[in-house]
Amino acid sequence: MSAELFTTHSAAALSLLVATSFIASLARGFSGFGGALIFVPVASAAVGPQAAAPILLVIDGVVQLALLKNAWRNANRREVAIMAMGALVGIPLGAIILRFVDPILLRWAIAVLILAMLALLISGWRYHGQPTAPTTVGVGFAAGILSGAVQAAGPPVVAYWLGGSSSPLMVRANIILFFFCTSVVAAISYLATGLLGFDVLLLAAITALPYALGMFLGTRMFSLASERAFRHICLALIGAAALISLPALDSILR
């Protein structure tokens, strides 16, 4: 397995991939967000965008399964189902974009998109309008495109649901359950477009352990600093990941 990986990717690229998986999961573990926004741009620089998103889908899937039982019990399943209807259309479109757009152009687009979503997170903006079925479907559609293209459906969903009147427990459960739904559809879409192949599974195998370790440590580091401090650290990491991933820096990083 290692010989085949080193034939396709340099040792430096694989080291960057492993280190990024650990840092991304550490951030996700102690803050609850930011993992995809850190992992995808840097992993795209290391092994290409067509591999980065499917790798994250595979290694994050186990984490979602562990959280699913409580999420199913506490979520507003009707609202999640409505949003998932939009994602059902958006995810295949995102997967098509990921599969067929030029990799360098896609990497520039990912970096710009991540910076835009970072600005949304920093602004603290929340949707405070009355939730309606068309709006919920629209948010699901936008999140679905982001999920299919870069596995980063979080910002629009979080901004939409946190602005409502639901309890934090229900909002968290909604998000977890929705992400599980998007992961199932994304897996099918990636298989159909040829993005989820044996090479991706090999790369996921070498990143799974550091990703799990980062998640484990991140959840236990939460008590060592304030939530505000951790959010600031995550936002800084997201910004750094977007900048490091720029194709203009390939001669330095790859």
# chains A, B, ... in the order shown; residues from 1 in each chain; ligands from 1

$ closest_atom_pairs --of "region 137-189 of chain A" --to "region 43-57 of chain A" --cutoff "12 Å" --atoms "only C-alpha atoms" --output "CSV"
residue,atom,partner,partner_atom,distance
A:Leu146,CA,A:Ala53,CA,10.4
A:Ser147,CA,A:Ala53,CA,8.5
A:Gly148,CA,A:Ala53,CA,8.0
A:Ala149,CA,A:Ala53,CA,7.2
A:Val150,CA,A:Ala53,CA,5.3
A:Gln151,CA,A:Ala53,CA,5.6
A:Ala152,CA,A:Ala53,CA,8.9
A:Ala153,CA,A:Ala53,CA,11.7
A:Phe179,CA,A:Leu57,CA,10.4
A:Phe180,CA,A:Leu57,CA,10.2
A:Cys181,CA,A:Leu57,CA,11.9
A:Thr182,CA,A:Leu57,CA,9.8
A:Ser183,CA,A:Leu57,CA,6.6
A:Val184,CA,A:Leu57,CA,9.3
A:Val185,CA,A:Leu57,CA,10.7
A:Ala186,CA,A:Leu57,CA,7.9
A:Ala187,CA,A:Leu57,CA,7.4
A:Ile188,CA,A:Pro54,CA,11.0
A:Ser189,CA,A:Pro54,CA,10.3

$ residues_around --residues "Val158 (chain A)" --least-positions-apart "6" --cutoff "12 Å" --atoms "only C-alpha atoms" --output "JSON, numbers by chain"
{"A": [32, 33, 34, 117, 120, 121, 124, 125, 126, 127, 139, 140, 143, 152, 164, 168, 171, 172, 173, 174, 175, 176, 178, 179]}

$ residues_around --residues "Ile91 (chain A)" --least-positions-apart "3" --cutoff "6 Å" --atoms "only C-alpha atoms" --output "PyMOL selection string"
chain A and resi 87-88+94+144-145+148

$ write_last_selection --atoms "N, CA, C and O atoms" --output "mmCIF file, in the first residue's frame"
data_model
loop_
_atom_site.group_PDB
_atom_site.id
_atom_site.type_symbol
_atom_site.label_atom_id
_atom_site.label_comp_id
_atom_site.auth_asym_id
_atom_site.auth_seq_id
_atom_site.Cartn_x
_atom_site.Cartn_y
_atom_site.Cartn_z
ATOM 1 N N ALA A 87 -30.795 19.428 -0.385
ATOM 2 C CA ALA A 87 -29.451 18.861 -0.505
ATOM 3 C C ALA A 87 -29.420 17.700 -1.493
ATOM 4 O O ALA A 87 -28.411 17.470 -2.163
ATOM 5 N N LEU A 88 -30.524 16.977 -1.585
ATOM 6 C CA LEU A 88 -30.605 15.831 -2.488
ATOM 7 C C LEU A 88 -30.362 16.257 -3.937
ATOM 8 O O LEU A 88 -29.801 15.504 -4.734
ATOM 9 N N GLY A 94 -22.833 19.469 -6.944
ATOM 10 C CA GLY A 94 -21.520 19.746 -6.377
ATOM 11 C C GLY A 94 -20.507 18.680 -6.754
ATOM 12 O O GLY A 94 -19.342 18.978 -7.047
ATOM 13 N N GLY A 144 -25.969 21.619 0.005
ATOM 14 C CA GLY A 144 -25.706 20.405 -0.758
ATOM 15 C C GLY A 144 -24.629 20.608 -1.809
ATOM 16 O O GLY A 144 -23.761 19.754 -1.994
ATOM 17 N N ILE A 145 -24.670 21.731 -2.505
ATOM 18 C CA ILE A 145 -23.628 22.023 -3.498
ATOM 19 C C ILE A 145 -22.260 22.102 -2.819
ATOM 20 O O ILE A 145 -21.269 21.542 -3.296
ATOM 21 N N GLY A 148 -21.198 18.538 -1.786
ATOM 22 C CA GLY A 148 -20.740 17.732 -2.902
ATOM 23 C C GLY A 148 -19.410 18.185 -3.464
ATOM 24 O O GLY A 148 -18.576 17.370 -3.849
#

$ residues_around --residues "Leu246 (chain A)" --least-positions-apart "2" --cutoff "10 Å" --atoms "only C-alpha atoms" --output "PyMOL selection string"
chain A and resi 41-42+44-45+104+107-112+241-244+248-250+253

$ write_last_selection --atoms "N, CA, C and O atoms" --output "CSV table (one decimal), in the first residue's frame"
chain,number,residue,atom,x,y,z
A,41,PRO,N,-9.0,22.6,1.8
A,41,PRO,CA,-8.1,23.4,1.0
A,41,PRO,C,-6.7,22.9,1.1
A,41,PRO,O,-6.0,22.9,0.0
A,42,VAL,N,-6.2,22.5,2.2
A,42,VAL,CA,-4.8,22.1,2.3
A,42,VAL,C,-4.6,20.7,1.7
A,42,VAL,O,-3.7,20.4,1.0
A,44,SER,N,-6.4,19.6,-0.7
A,44,SER,CA,-6.4,19.8,-2.1
A,44,SER,C,-5.1,20.2,-2.7
A,44,SER,O,-4.7,19.8,-3.8
A,45,ALA,N,-4.3,20.9,-1.9
A,45,ALA,CA,-3.0,21.3,-2.4
A,45,ALA,C,-2.1,20.1,-2.3
A,45,ALA,O,-1.1,20.0,-3.1
A,104,ILE,N,-6.8,23.0,-10.9
A,104,ILE,CA,-6.2,24.3,-10.5
A,104,ILE,C,-7.2,25.4,-10.3
A,104,ILE,O,-7.3,26.1,-9.3
A,107,ARG,N,-9.1,24.6,-7.2
A,107,ARG,CA,-8.4,25.0,-5.9
A,107,ARG,C,-8.5,26.5,-5.7
A,107,ARG,O,-8.6,26.9,-4.5
A,108,TRP,N,-8.4,27.3,-6.7
A,108,TRP,CA,-8.5,28.7,-6.5
A,108,TRP,C,-10.0,29.0,-6.0
A,108,TRP,O,-10.1,29.8,-5.1
A,109,ALA,N,-10.9,28.4,-6.6
A,109,ALA,CA,-12.3,28.6,-6.2
A,109,ALA,C,-12.6,28.1,-4.7
A,109,ALA,O,-13.3,28.8,-4.0
A,110,ILE,N,-12.0,27.0,-4.3
A,110,ILE,CA,-12.1,26.5,-3.0
A,110,ILE,C,-11.5,27.5,-2.0
A,110,ILE,O,-12.1,27.8,-0.9
A,111,ALA,N,-10.3,28.0,-2.3
A,111,ALA,CA,-9.7,29.0,-1.4
A,111,ALA,C,-10.5,30.2,-1.2
A,111,ALA,O,-10.7,30.7,-0.1
A,112,VAL,N,-11.1,30.8,-2.3
A,112,VAL,CA,-11.9,31.9,-2.3
A,112,VAL,C,-13.2,31.6,-1.5
A,112,VAL,O,-13.7,32.4,-0.6
A,241,ALA,N,-5.3,27.9,6.5
A,241,ALA,CA,-5.5,26.8,5.6
A,241,ALA,C,-5.8,27.3,4.2
A,241,ALA,O,-5.3,26.8,3.2
A,242,ALA,N,-6.7,28.3,4.1
A,242,ALA,CA,-7.1,28.8,2.8
A,242,ALA,C,-5.9,29.4,2.1
A,242,ALA,O,-5.7,29.3,0.8
A,243,LEU,N,-5.1,30.2,2.8
A,243,LEU,CA,-3.9,30.8,2.2
A,243,LEU,C,-2.8,29.8,1.8
A,243,LEU,O,-2.2,29.9,0.8
A,244,ILE,N,-2.6,28.8,2.7
A,244,ILE,CA,-1.6,27.8,2.4
A,244,ILE,C,-1.9,27.0,1.2
A,244,ILE,O,-1.1,26.6,0.4
A,248,ALA,N,-0.5,29.3,-6.0
A,248,ALA,CA,0.7,30.1,-6.2
A,248,ALA,C,1.8,29.6,-5.3
A,248,ALA,O,3.0,29.9,-5.6
A,249,LEU,N,1.5,28.9,-4.2
A,249,LEU,CA,2.5,28.5,-3.3
A,249,LEU,C,2.9,27.0,-3.5
A,249,LEU,O,3.7,26.5,-2.7
A,250,ASP,N,2.5,26.4,-4.6
A,250,ASP,CA,2.8,25.0,-4.8
A,250,ASP,C,4.3,24.7,-4.9
A,250,ASP,O,4.8,23.7,-4.4
A,253,LEU,N,5.4,24.4,-1.1
A,253,LEU,CA,4.7,23.4,-0.3
A,253,LEU,C,4.7,22.0,-0.8
A,253,LEU,O,4.6,21.1,-0.1

$ residues_around --residues "region 12-26 of chain A" --least-positions-apart "6" --cutoff "7 Å" --atoms "only C-alpha atoms" --output "PyMOL selection string"
chain A and resi 35+38-39+42-43+46-47+207+210-211+214-215+217-218+254

$ write_last_selection --atoms "all heavy atoms" --output "short mmCIF file (atom, residue, chain, number, x, y, z; two decimals), in the first residue's frame"
data_model
loop_
_atom_site.label_atom_id
_atom_site.label_comp_id
_atom_site.auth_asym_id
_atom_site.auth_seq_id
_atom_site.Cartn_x
_atom_site.Cartn_y
_atom_site.Cartn_z
N GLY A 35 -13.62 21.76 10.76
CA GLY A 35 -12.79 20.67 10.26
C GLY A 35 -12.66 20.65 8.75
O GLY A 35 -11.55 20.59 8.21
N ILE A 38 -10.70 23.56 7.20
CA ILE A 38 -9.24 23.45 7.34
C ILE A 38 -8.70 22.35 6.44
O ILE A 38 -7.71 22.52 5.72
CB ILE A 38 -8.87 23.17 8.80
CG1 ILE A 38 -9.23 24.37 9.69
CG2 ILE A 38 -7.37 22.86 8.93
CD1 ILE A 38 -9.13 24.09 11.17
N PHE A 39 -9.36 21.18 6.46
CA PHE A 39 -8.83 20.01 5.77
C PHE A 39 -8.87 20.15 4.25
O PHE A 39 -7.86 19.89 3.57
CB PHE A 39 -9.61 18.76 6.19
CG PHE A 39 -9.12 17.50 5.53
CD1 PHE A 39 -8.04 16.81 6.06
CD2 PHE A 39 -9.73 17.00 4.39
CE1 PHE A 39 -7.56 15.65 5.45
CE2 PHE A 39 -9.27 15.85 3.77
CZ PHE A 39 -8.18 15.17 4.30
N VAL A 42 -6.18 22.53 2.24
CA VAL A 42 -4.79 22.07 2.33
C VAL A 42 -4.63 20.68 1.71
O VAL A 42 -3.66 20.41 1.00
CB VAL A 42 -4.31 22.07 3.80
CG1 VAL A 42 -2.86 21.61 3.88
CG2 VAL A 42 -4.46 23.46 4.41
N ALA A 43 -5.58 19.78 1.96
CA ALA A 43 -5.53 18.46 1.34
C ALA A 43 -5.62 18.57 -0.18
O ALA A 43 -5.02 17.76 -0.91
CB ALA A 43 -6.65 17.58 1.87
N ALA A 46 -2.28 19.18 -1.37
CA ALA A 46 -1.40 18.03 -1.20
C ALA A 46 -1.67 16.93 -2.21
O ALA A 46 -0.74 16.40 -2.84
CB ALA A 46 -1.53 17.48 0.22
N VAL A 47 -2.95 16.55 -2.37
CA VAL A 47 -3.28 15.38 -3.21
C VAL A 47 -4.32 15.68 -4.28
O VAL A 47 -4.75 14.78 -4.99
CB VAL A 47 -3.76 14.20 -2.34
CG1 VAL A 47 -2.66 13.74 -1.41
CG2 VAL A 47 -5.02 14.57 -1.54
N THR A 207 -4.93 8.50 6.82
CA THR A 207 -5.35 9.70 7.56
C THR A 207 -6.35 9.38 8.67
O THR A 207 -6.60 10.23 9.53
CB THR A 207 -5.98 10.74 6.62
OG1 THR A 207 -7.06 10.13 5.89
CG2 THR A 207 -4.97 11.27 5.62
N PRO A 210 -4.71 9.53 12.51
CA PRO A 210 -4.48 10.88 13.03
C PRO A 210 -5.76 11.69 13.15
O PRO A 210 -5.88 12.53 14.06
CB PRO A 210 -3.52 11.50 12.00
CG PRO A 210 -3.57 10.63 10.81
CD PRO A 210 -3.91 9.27 11.30
N TYR A 211 -6.73 11.45 12.27
CA TYR A 211 -8.00 12.15 12.37
C TYR A 211 -8.73 11.74 13.65
O TYR A 211 -9.25 12.59 14.38
CB TYR A 211 -8.87 11.85 11.15
CG TYR A 211 -10.11 12.71 11.03
CD1 TYR A 211 -10.05 13.96 10.43
CD2 TYR A 211 -11.34 12.28 11.52
CE1 TYR A 211 -11.18 14.75 10.31
CE2 TYR A 211 -12.47 13.06 11.41
CZ TYR A 211 -12.38 14.30 10.80
OH TYR A 211 -13.51 15.08 10.70
N GLY A 214 -6.89 13.22 16.68
CA GLY A 214 -7.18 14.65 16.83
C GLY A 214 -8.56 14.90 17.41
O GLY A 214 -8.74 15.76 18.27
N MET A 215 -9.54 14.12 16.95
CA MET A 215 -10.90 14.27 17.47
C MET A 215 -10.95 13.93 18.96
O MET A 215 -11.58 14.63 19.76
CB MET A 215 -11.85 13.36 16.69
CG MET A 215 -13.31 13.53 17.04
SD MET A 215 -14.00 15.08 16.41
CE MET A 215 -13.97 14.78 14.65
N LEU A 217 -8.44 14.00 21.20
CA LEU A 217 -7.75 15.01 21.99
C LEU A 217 -8.52 16.33 22.01
O LEU A 217 -8.59 17.01 23.05
CB LEU A 217 -6.35 15.25 21.43
CG LEU A 217 -5.37 14.07 21.56
CD1 LEU A 217 -4.05 14.41 20.88
CD2 LEU A 217 -5.14 13.72 23.02
N GLY A 218 -9.12 16.68 20.88
CA GLY A 218 -9.86 17.93 20.81
C GLY A 218 -11.03 17.99 21.76
O GLY A 218 -11.26 19.01 22.41
N ARG A 254 4.88 21.83 -2.11
CA ARG A 254 4.71 20.48 -2.67
C ARG A 254 6.03 19.93 -3.16
O ARG A 254 6.90 20.67 -3.58
CB ARG A 254 3.70 20.50 -3.81
CG ARG A 254 2.33 20.99 -3.37
CD ARG A 254 1.30 20.81 -4.45
NE ARG A 254 0.95 19.41 -4.62
CZ ARG A 254 0.06 18.99 -5.52
NH1 ARG A 254 -0.53 19.85 -6.33
NH2 ARG A 254 -0.22 17.70 -5.63
#

$ closest_residue --among "A:Gly61, A:Gly138, A:Gly29, A:Pro247" --to "Ala208 (chain A)" --atoms "only C-alpha atoms"
A:Gly61

$ atom_distance --atom1 "CA of Phe216 (chain A)" --atom2 "CA of Phe30 (chain A)"
9.1 Å

$ closest_residue --among "A:Ile238, A:Leu37, A:Ser10, A:Ile59" --to "Ala204 (chain A)" --atoms "only C-alpha atoms"
A:Ile59
